[in-house]
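**Student:** Mind having a look at this structure? Questions to follow.
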Amino acid sequence: MNEMRIVMLGPPGGGKGSQAQRLAPDLGVPHISTGDMLRTAIREGTPVGLAAKAIIDRGELVPDDVMLDIIKERFAQADCQKGFILDGFPRTIAQADALEGLRPVTHVINLIVSDDVIVKRLSGRRSCKNNHTSHISWMDDPDKCPVCGEAVFQRDDDKPETVKNRLEVYRKNTAPLIGYYRDKGILRDIEGDVTVEEANRAIHEALE
Ligand code: AMP
C-alpha cells in the first residue's frame, strides 16, 4: 500500500482522537496527537511544557514555530516512515504549509459535528495520565479509566469557559484548513454526529 499521511480535521470534541486511535492499528501507522504530546510535556515539566501550559489552559494556540519543532522531532522517529495519522496538527495555514514542505498529506478526514454535540462531548469527557479518553455516559466507574484503570480527571481546557474560546479559535484559525485541503482534492467530509463505530466505518470507506 502507498504511504498514508492522514490529517484528522474537525472541531474540539469532533472525535478526531477517538477515530485516530482506532484507525492507527488498522492501518499500521502511528497516531500522533500534538495535544497529547503537549500534555505529556506539561506533566514532565519540560521547557516546552512549562511555556505551553498557560496557553493551553486559555484555549489558545501554541506558537507555530514551537509546534513545528515538536512535529519535526516526532517525524524523525522510525515509526513514522510508513505514514501517520495526525490529530490536532496542523491547526493553522502556516502549519499546513510547513507540513507540505516536510511530509505532504495524502488524505484529510474532515469530521462534521454540530455545536450542541461538541458541548455534550467535551463536558462529559474524562482523561487519564496515560492520555486515554473516555466519556461519563459510557463509563461503568465514573472515577476510573476504562482502558487502564488509572484515575480520571477533567482536562482544564474542557471546562465550559475554555471550551467557548477553543471553538472560537477553531473557527478563526483552523476551519480555513477545510478549504485549503478541499482545493487540493484530498479532503473527505465525514458525518461526525454518529456513533464512534459508524464514523469509523465511514472513514474506512473514504480512505479506500
Ligand atoms: P487537543 O488535545 O488537540 O485539543 O489540543 C489541546 C491544546 O493544545 C490546544 O487547545 C492548543 O492549545 C494546543 N495545541 C495542540 N496542537 C496544537 C497545534 N498544532 N498548534 C497549536 N496549538 C496546539
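Each chain of the C-alpha cells is named A, B, ... in the order shown, its residues numbered from 1; ligands are numbered from 1 in display order.
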Run DSSP on the backbone and give me the residues of segment 16-165 of chain A it puts in strand (DSSP E), as JSON, numbers by chain.

**Tutor:** {"A": [31, 32, 33, 83, 84, 85, 86, 87, 107, 108, 109, 110, 111, 112, 125, 126, 127, 133, 134, 135]}

**Student:** Can you pull out the residues contacting segment 97-108 of chain A? Cut-off 12 Å, using only C-alpha atoms, and skip same-chain residues under 3 positions away; I want them as a ChimeraX atom specification.

**Tutor:** /A:2-10,16,20,64-65,67-69,71-76,80-87,89-94,111,177-190,203-204,206-208

**Student:** Could you report the residues within 7 Å of ligand 1, using only C-alpha atoms and all ligand atoms, as a count of residues only?

**Tutor:** 21

**Student:** Please indicate the distance in Å from atom CA of Ile118 of chain A to atom CA of Gly192 of chain A, rounded to one decimal place.

**Tutor:** 10.0 Å

**Student:** Work out how far atom CA of Gly14 of chain A is from atom CA of Tyr170 of chain A, in Å to one decimal.

**Tutor:**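 Rounded to one decimal, the two atoms are 11.3 Å apart.
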
**Student:** Got a sec to tell me which of chain A DSSP assigns to alpha helix (DSSP H), as a PyMOL selection string?

**Tutor:** chain A and resi 16-27+34-44+47-58+64-75+93-102+115-123+160-169+176-183+196-207

**Student:** With only C-alpha atoms as the atoms that count, which of A:Glu198, A:Glu191, A:Asp156, A:Asp143 lies nearest to Ile109 of chain A?

**Tutor:**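 Nearest candidate to Ile109 of chain A out of A:Glu198, A:Glu191, A:Asp156, A:Asp143: A:Glu191.
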
**Student:** Please list as a ChimeraX atom specification every residue within 12 Å of Val147 of chain A, counting only C-alpha atoms and excluding residues in the same chain fewer than 3 positions away.

**Tutor:** /A:126-135,139-141,144,150-152

**Student:** Could you save the residues just selected, with C-alpha atoms, as a PDB file, in the first residue's frame?

**Tutor:**
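Once everything was written out, this is result-v2.pdb:
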ATOM      1  CA  ARG A 126     -12.615  12.407  31.053  1.00  0.00           C
ATOM      2  CA  SER A 127      -8.894  11.796  30.612  1.00  0.00           C
ATOM      3  CA  CYS A 128      -6.217   9.837  32.462  1.00  0.00           C
ATOM      4  CA  LYS A 129      -2.482  10.309  32.819  1.00  0.00           C
ATOM      5  CA  ASN A 130      -1.889   7.784  30.019  1.00  0.00           C
ATOM      6  CA  ASN A 131      -3.770  10.030  27.559  1.00  0.00           C
ATOM      7  CA  HIS A 132      -6.788   7.695  27.252  1.00  0.00           C
ATOM      8  CA  THR A 133     -10.068   9.469  26.703  1.00  0.00           C
ATOM      9  CA  SER A 134     -13.494   8.322  27.866  1.00  0.00           C
ATOM     10  CA  HIS A 135     -16.968   9.768  28.385  1.00  0.00           C
ATOM     11  CA  MET A 139     -18.099   4.568  31.920  1.00  0.00           C
ATOM     12  CA  ASP A 140     -19.056   1.862  34.450  1.00  0.00           C
ATOM     13  CA  ASP A 141     -16.997   3.585  37.145  1.00  0.00           C
ATOM     14  CA  LYS A 144     -11.593   5.071  36.682  1.00  0.00           C
ATOM     15  CA  GLU A 150      -5.993   4.911  36.324  1.00  0.00           C
ATOM     16  CA  ALA A 151      -7.876   7.766  37.996  1.00  0.00           C
ATOM     17  CA  VAL A 152      -9.648  10.061  35.564  1.00  0.00           C
TER      18      VAL A 152
END
